[in-house]
Amino acid sequence: MSSGQVPAVRAHQLTKRYRRGWALRGCSLSLPQGRVVALVGHNGAGKSTLMGLIAGLLKPTEGEIEVFGRRPSGTGAPEEVAYVAQQKPLYPGLTVSESLRFAARMNTRWDQAYAERLIRAAEVPFEAKVGKLSGGQRTRVALVLALGKRPGLLMLDEPLAELDPLARQATLRTLQEESRQHGIGILLSSHVLEELEAVCDHLVLLGGGRVRLDGSVADLVAGHRVLRGAGQLPVAPGEVVDSGHSGHEQVLIAKRSAPVAEPGWREQEPRLNDIALAYMRNDDAEVAA
Ligand SMILES: Nc1ncnc2c1ncn2[C@@H]1O[C@H](COP(=O)(O)OP(=O)(O)OP(=O)(O)O)[C@@H](O)[C@H]1O
């Protein structure tokens, strides 16, 4: 983020309580503009709730949230935010063409030529009724309707779930190019972090309604180590995020950037997925900034 630029999203002690209990408790985070952000966490961790709060569809119970420096109104998404919820908001009785025309009437920032280009690239027929499309095709139409708004922040809740492997790759490539070329921020929730690793440059991990990790991928990778070996621990116990075994070796994920000196231990740069899984397995581990 360039200095002086407000974050796309800034949350301070954000809390959301539903009747049955807490969904988010005291979440503070800052998402820079123009980044591709992976939002991960186990089922019920609060990902959809966070997106709903950012979109202004939910009101916080306590705490503050700002989107591009302003509080969401609580009555709908700010114009620069596009949100594709898990249940894709489409009208089944409209054709794809009609859906695009409807979106054009509803959005002052709408880019019809761009939306048509994306529909053609997705090979979805313009005259087909949305209700008759396959789940994957509906996902692609929902994505086009969101991208066509030319948003500053695009939020996608589990966008890849119904896509085949080629469509997943094509979609992620489109999102990455869109972010690079037009500087839009993208917040993607997913349970398949391996797929996001290649495209995301920031990670937010929720666990137990709290922010467990919030940082750039480069910083998170540089700040953790995978350590394999046996005998005396090569790091302080407080640095160990996760510990397991592979054969006779111990395998640690440690919060540490300096190399270890202990003989008998090998170290390796972690994959983003290794870090995320380590924190998800240890929900009470110290939160890394
Ligand atoms: N409308 C609602 N009313 C009551 N409780 C809700 C509501 N929406 C979510 N919750 C609860 O809030 C918690 C967080 O749910 P949320 O859907 O935000 O999690 P999530 O991380 O998106 O989960 P998933 O990965 O399964 O989609 C869960 O315990 C859920 O049961």
# chains A, B, ... in the order shown; residues from 1 in each chain; ligands from 1
call {"tool": "select_by_dssp", "arguments": {"residues": "range 35-176 of chain A", "states": "strand (DSSP E or B)", "output": "list in words"}}
result
Val36, Val37, Ala38, Leu39, Val40, Glu62, Gly63, Glu64, Ile65, Glu66, Val67, Arg70, Val81, Ala82, Tyr83, Val84, Thr95, Lys129, Leu153, Leu154, Met155, Leu156 and Asp157 of chain A
call {"tool": "residues_near_ligand", "arguments": {"ligand": "ligand 1", "cutoff": "10 Å", "atoms": "only C-alpha atoms and all ligand atoms", "output": "ChimeraX atom specification"}}
result
/A:16-24,39-53,58,85-86,157-158,189-191,205-209
call {"tool": "closest_residue", "arguments": {"among": "A:Met106, A:Val9, A:Leu193, A:Ala230", "to": "Gly69 in chain A", "atoms": "only C-alpha atoms"}}
result
A:Val9
call {"tool": "closest_residue", "arguments": {"among": "A:Gln169, A:Ser134, A:Gln13, A:Thr174", "to": "Arg117 in chain A", "atoms": "only C-alpha atoms"}}
result
A:Thr174
call {"tool": "residues_around", "arguments": {"residues": "Ala103 in chain A", "least_positions_apart": "4", "cutoff": "7 Å", "atoms": "only C-alpha atoms", "output": "list in words"}}
result
Ser99, Asn107 and Leu145 of chain A
call {"tool": "atom_distance", "arguments": {"atom1": "CA of Leu143 in chain A", "atom2": "CA of Leu188 in chain A"}}
result
11.9 Å
call {"tool": "residues_around", "arguments": {"residues": "Arg35 in chain A", "least_positions_apart": "3", "cutoff": "9 Å", "atoms": "only C-alpha atoms", "output": "PyMOL selection string"}}
result
chain A and resi 1+31-32+179-180+183-187+200-202
call {"tool": "write_last_selection", "arguments": {"atoms": "N, CA and C atoms", "output": "CSV table (one decimal), in the first residue's frame"}}
result
chain,number,residue,atom,x,y,z
A,1,MET,N,0.8,-1.2,0.0
A,1,MET,CA,0.0,0.0,0.0
A,1,MET,C,0.9,1.2,0.0
A,31,LEU,N,-6.8,-4.3,5.5
A,31,LEU,CA,-6.5,-4.8,4.2
A,31,LEU,C,-6.1,-3.7,3.2
A,32,PRO,N,-4.9,-3.8,2.7
A,32,PRO,CA,-4.4,-2.8,1.8
A,32,PRO,C,-5.3,-2.8,0.5
A,179,SER,N,-6.9,-7.5,-10.9
A,179,SER,CA,-6.3,-6.8,-9.8
A,179,SER,C,-5.0,-6.0,-10.2
A,180,ARG,N,-4.2,-6.7,-11.0
A,180,ARG,CA,-2.9,-6.1,-11.5
A,180,ARG,C,-3.2,-4.9,-12.4
A,183,GLY,N,-5.9,-2.4,-10.4
A,183,GLY,CA,-5.6,-2.1,-9.0
A,183,GLY,C,-6.8,-2.4,-8.1
A,184,ILE,N,-7.7,-3.3,-8.5
A,184,ILE,CA,-8.8,-3.5,-7.6
A,184,ILE,C,-8.4,-4.6,-6.5
A,185,GLY,N,-8.9,-4.4,-5.4
A,185,GLY,CA,-8.7,-5.4,-4.3
A,185,GLY,C,-9.7,-6.5,-4.4
A,186,ILE,N,-9.2,-7.7,-4.1
A,186,ILE,CA,-10.0,-8.9,-4.2
A,186,ILE,C,-9.9,-9.6,-2.9
A,187,LEU,N,-11.1,-9.9,-2.3
A,187,LEU,CA,-11.1,-10.7,-1.0
A,187,LEU,C,-11.8,-12.0,-1.3
A,200,CYS,N,-2.7,-15.1,-4.5
A,200,CYS,CA,-3.0,-14.1,-3.4
A,200,CYS,C,-1.7,-13.5,-2.8
A,201,ASP,N,-1.7,-12.3,-2.4
A,201,ASP,CA,-0.5,-11.7,-1.8
A,201,ASP,C,-0.8,-11.2,-0.4
A,202,HIS,N,-1.9,-11.6,0.2
A,202,HIS,CA,-2.2,-11.2,1.6
A,202,HIS,C,-3.1,-12.3,2.1
call {"tool": "closest_residue", "arguments": {"among": "A:Leu94, A:Thr15, A:Tyr83, A:Gly244", "to": "Thr61 in chain A", "atoms": "only C-alpha atoms"}}
result
A:Thr15
call {"tool": "closest_residue", "arguments": {"among": "A:Val36, A:Val240, A:Tyr91, A:Val251", "to": "Glu178 in chain A", "atoms": "only C-alpha atoms"}}
result
A:Val36
call {"tool": "select_by_dssp", "arguments": {"residues": "range 70-243 of chain A", "states": "alpha helix (DSSP H)", "output": "compact mmCIF listing (two decimals) with C-alpha atoms, in the first residue's frame"}}
result
# COMPACT_ATOMS: atom_id res chain seq x y z
CA VAL A 96 -27.55 -13.68 -19.48
CA SER A 97 -27.95 -10.65 -21.80
CA GLU A 98 -30.89 -9.37 -19.75
CA SER A 99 -28.90 -9.85 -16.54
CA LEU A 100 -26.12 -7.68 -17.98
CA ARG A 101 -28.61 -5.01 -19.07
CA PHE A 102 -30.23 -5.06 -15.62
CA ALA A 103 -26.81 -4.66 -13.97
CA ALA A 104 -26.08 -1.74 -16.33
CA ARG A 105 -29.22 0.06 -15.14
CA MET A 106 -28.36 -0.54 -11.47
CA GLN A 112 -20.82 -3.30 -20.65
CA ALA A 113 -18.06 -4.01 -23.20
CA TYR A 114 -15.86 -5.56 -20.54
CA ALA A 115 -18.72 -7.67 -19.14
CA GLU A 116 -19.58 -8.97 -22.62
CA ARG A 117 -15.94 -9.85 -23.23
CA LEU A 118 -15.82 -11.86 -19.97
CA ILE A 119 -19.06 -13.71 -20.83
CA ARG A 120 -17.63 -14.64 -24.24
CA ALA A 121 -14.37 -15.83 -22.62
CA GLY A 135 -23.84 -24.29 -11.25
CA GLY A 136 -20.40 -23.45 -12.66
CA GLN A 137 -21.85 -21.30 -15.45
CA ARG A 138 -23.98 -19.42 -12.92
CA THR A 139 -20.85 -18.77 -10.86
CA ARG A 140 -19.14 -17.32 -13.93
CA VAL A 141 -22.12 -15.07 -14.69
CA ALA A 142 -22.19 -13.88 -11.05
CA LEU A 143 -18.46 -13.08 -11.30
CA VAL A 144 -18.98 -11.11 -14.50
CA LEU A 145 -21.85 -9.15 -12.94
CA ALA A 146 -19.51 -8.26 -10.06
CA LEU A 147 -16.47 -7.42 -12.21
CA PRO A 165 -10.42 -27.42 -12.53
CA LEU A 166 -9.88 -25.53 -15.82
CA ALA A 167 -12.56 -22.97 -15.00
CA ARG A 168 -10.99 -22.52 -11.55
CA GLN A 169 -7.63 -21.73 -13.12
CA ALA A 170 -9.18 -19.41 -15.71
CA THR A 171 -11.17 -17.60 -13.04
CA LEU A 172 -8.20 -17.11 -10.75
CA ARG A 173 -6.14 -15.83 -13.71
CA THR A 174 -8.88 -13.35 -14.63
CA LEU A 175 -9.07 -12.13 -11.03
CA GLN A 176 -5.31 -11.75 -10.75
CA GLU A 177 -5.10 -9.84 -14.06
CA GLU A 178 -8.01 -7.64 -13.03
CA SER A 179 -6.29 -6.80 -9.78
CA ARG A 180 -2.94 -6.09 -11.47
CA GLN A 181 -4.28 -4.05 -14.39
CA HIS A 182 -6.94 -2.04 -12.59
CA LEU A 193 -5.77 -22.47 0.01
CA GLU A 194 -3.41 -24.40 -2.27
CA GLU A 195 -5.39 -22.98 -5.19
CA LEU A 196 -5.18 -19.42 -3.93
CA GLU A 197 -1.48 -19.57 -3.08
CA VAL A 217 2.19 -13.56 2.08
CA ALA A 218 5.84 -12.52 1.74
CA ASP A 219 6.04 -11.48 5.42
CA LEU A 220 4.21 -14.56 6.65
CA VAL A 221 6.45 -16.90 4.66
CA ALA A 222 9.61 -15.04 5.72
call {"tool": "decode", "arguments": {"residues": "range 23-41 of chain A", "atoms": "N, CA and C atoms", "output": "PDB file, in the first residue's frame"}}
result
ATOM      1  N   ALA A  23     -20.144 -14.682  16.363  1.00  0.00           N
ATOM      2  CA  ALA A  23     -19.542 -15.090  15.082  1.00  0.00           C
ATOM      3  C   ALA A  23     -18.159 -14.466  14.972  1.00  0.00           C
ATOM      4  N   LEU A  24     -18.016 -13.215  15.378  1.00  0.00           N
ATOM      5  CA  LEU A  24     -16.707 -12.534  15.394  1.00  0.00           C
ATOM      6  C   LEU A  24     -16.559 -11.844  16.742  1.00  0.00           C
ATOM      7  N   ARG A  25     -15.339 -11.909  17.299  1.00  0.00           N
ATOM      8  CA  ARG A  25     -15.103 -11.272  18.602  1.00  0.00           C
ATOM      9  C   ARG A  25     -13.838 -10.455  18.557  1.00  0.00           C
ATOM     10  N   GLY A  26     -13.986  -9.144  18.584  1.00  0.00           N
ATOM     11  CA  GLY A  26     -12.829  -8.257  18.703  1.00  0.00           C
ATOM     12  C   GLY A  26     -11.835  -8.408  17.562  1.00  0.00           C
ATOM     13  N   CYS A  27     -12.326  -8.435  16.327  1.00  0.00           N
ATOM     14  CA  CYS A  27     -11.427  -8.598  15.176  1.00  0.00           C
ATOM     15  C   CYS A  27     -10.877  -7.242  14.730  1.00  0.00           C
ATOM     16  N   SER A  28      -9.558  -7.157  14.675  1.00  0.00           N
ATOM     17  CA  SER A  28      -8.926  -5.953  14.127  1.00  0.00           C
ATOM     18  C   SER A  28      -8.074  -6.374  12.947  1.00  0.00           C
ATOM     19  N   LEU A  29      -8.227  -5.684  11.840  1.00  0.00           N
ATOM     20  CA  LEU A  29      -7.404  -6.003  10.667  1.00  0.00           C
ATOM     21  C   LEU A  29      -7.387  -4.821   9.718  1.00  0.00           C
ATOM     22  N   SER A  30      -6.423  -4.879   8.816  1.00  0.00           N
ATOM     23  CA  SER A  30      -6.288  -3.809   7.830  1.00  0.00           C
ATOM     24  C   SER A  30      -5.937  -4.430   6.493  1.00  0.00           C
ATOM     25  N   LEU A  31      -6.815  -4.260   5.517  1.00  0.00           N
ATOM     26  CA  LEU A  31      -6.549  -4.837   4.193  1.00  0.00           C
ATOM     27  C   LEU A  31      -6.122  -3.733   3.247  1.00  0.00           C
ATOM     28  N   PRO A  32      -4.891  -3.829   2.710  1.00  0.00           N
ATOM     29  CA  PRO A  32      -4.434  -2.783   1.788  1.00  0.00           C
ATOM     30  C   PRO A  32      -5.266  -2.781   0.509  1.00  0.00           C
ATOM     31  N   GLN A  33      -5.316  -1.642  -0.154  1.00  0.00           N
ATOM     32  CA  GLN A  33      -6.019  -1.558  -1.451  1.00  0.00           C
ATOM     33  C   GLN A  33      -5.244  -2.337  -2.518  1.00  0.00           C
ATOM     34  N   GLY A  34      -5.992  -2.842  -3.484  1.00  0.00           N
ATOM     35  CA  GLY A  34      -5.370  -3.397  -4.690  1.00  0.00           C
ATOM     36  C   GLY A  34      -4.688  -4.738  -4.525  1.00  0.00           C
ATOM     37  N   ARG A  35      -4.923  -5.431  -3.428  1.00  0.00           N
ATOM     38  CA  ARG A  35      -4.286  -6.736  -3.218  1.00  0.00           C
ATOM     39  C   ARG A  35      -5.291  -7.863  -3.403  1.00  0.00           C
ATOM     40  N   VAL A  36      -4.751  -9.042  -3.676  1.00  0.00           N
ATOM     41  CA  VAL A  36      -5.593 -10.230  -3.699  1.00  0.00           C
ATOM     42  C   VAL A  36      -5.435 -10.899  -2.329  1.00  0.00           C
ATOM     43  N   VAL A  37      -6.516 -10.908  -1.571  1.00  0.00           N
ATOM     44  CA  VAL A  37      -6.460 -11.359  -0.179  1.00  0.00           C
ATOM     45  C   VAL A  37      -7.216 -12.677  -0.042  1.00  0.00           C
ATOM     46  N   ALA A  38      -6.553 -13.670   0.520  1.00  0.00           N
ATOM     47  CA  ALA A  38      -7.228 -14.936   0.818  1.00  0.00           C
ATOM     48  C   ALA A  38      -7.796 -14.853   2.221  1.00  0.00           C
ATOM     49  N   LEU A  39      -9.075 -15.201   2.361  1.00  0.00           N
ATOM     50  CA  LEU A  39      -9.731 -15.217   3.671  1.00  0.00           C
ATOM     51  C   LEU A  39     -10.028 -16.676   3.989  1.00  0.00           C
ATOM     52  N   VAL A  40      -9.331 -17.210   4.976  1.00  0.00           N
ATOM     53  CA  VAL A  40      -9.483 -18.641   5.263  1.00  0.00           C
ATOM     54  C   VAL A  40      -9.833 -18.857   6.731  1.00  0.00           C
ATOM     55  N   GLY A  41     -10.305 -20.049   7.026  1.00  0.00           N
ATOM     56  CA  GLY A  41     -10.698 -20.427   8.385  1.00  0.00           C
ATOM     57  C   GLY A  41     -11.648 -21.594   8.275  1.00  0.00           C
TER      58      GLY A  41
END
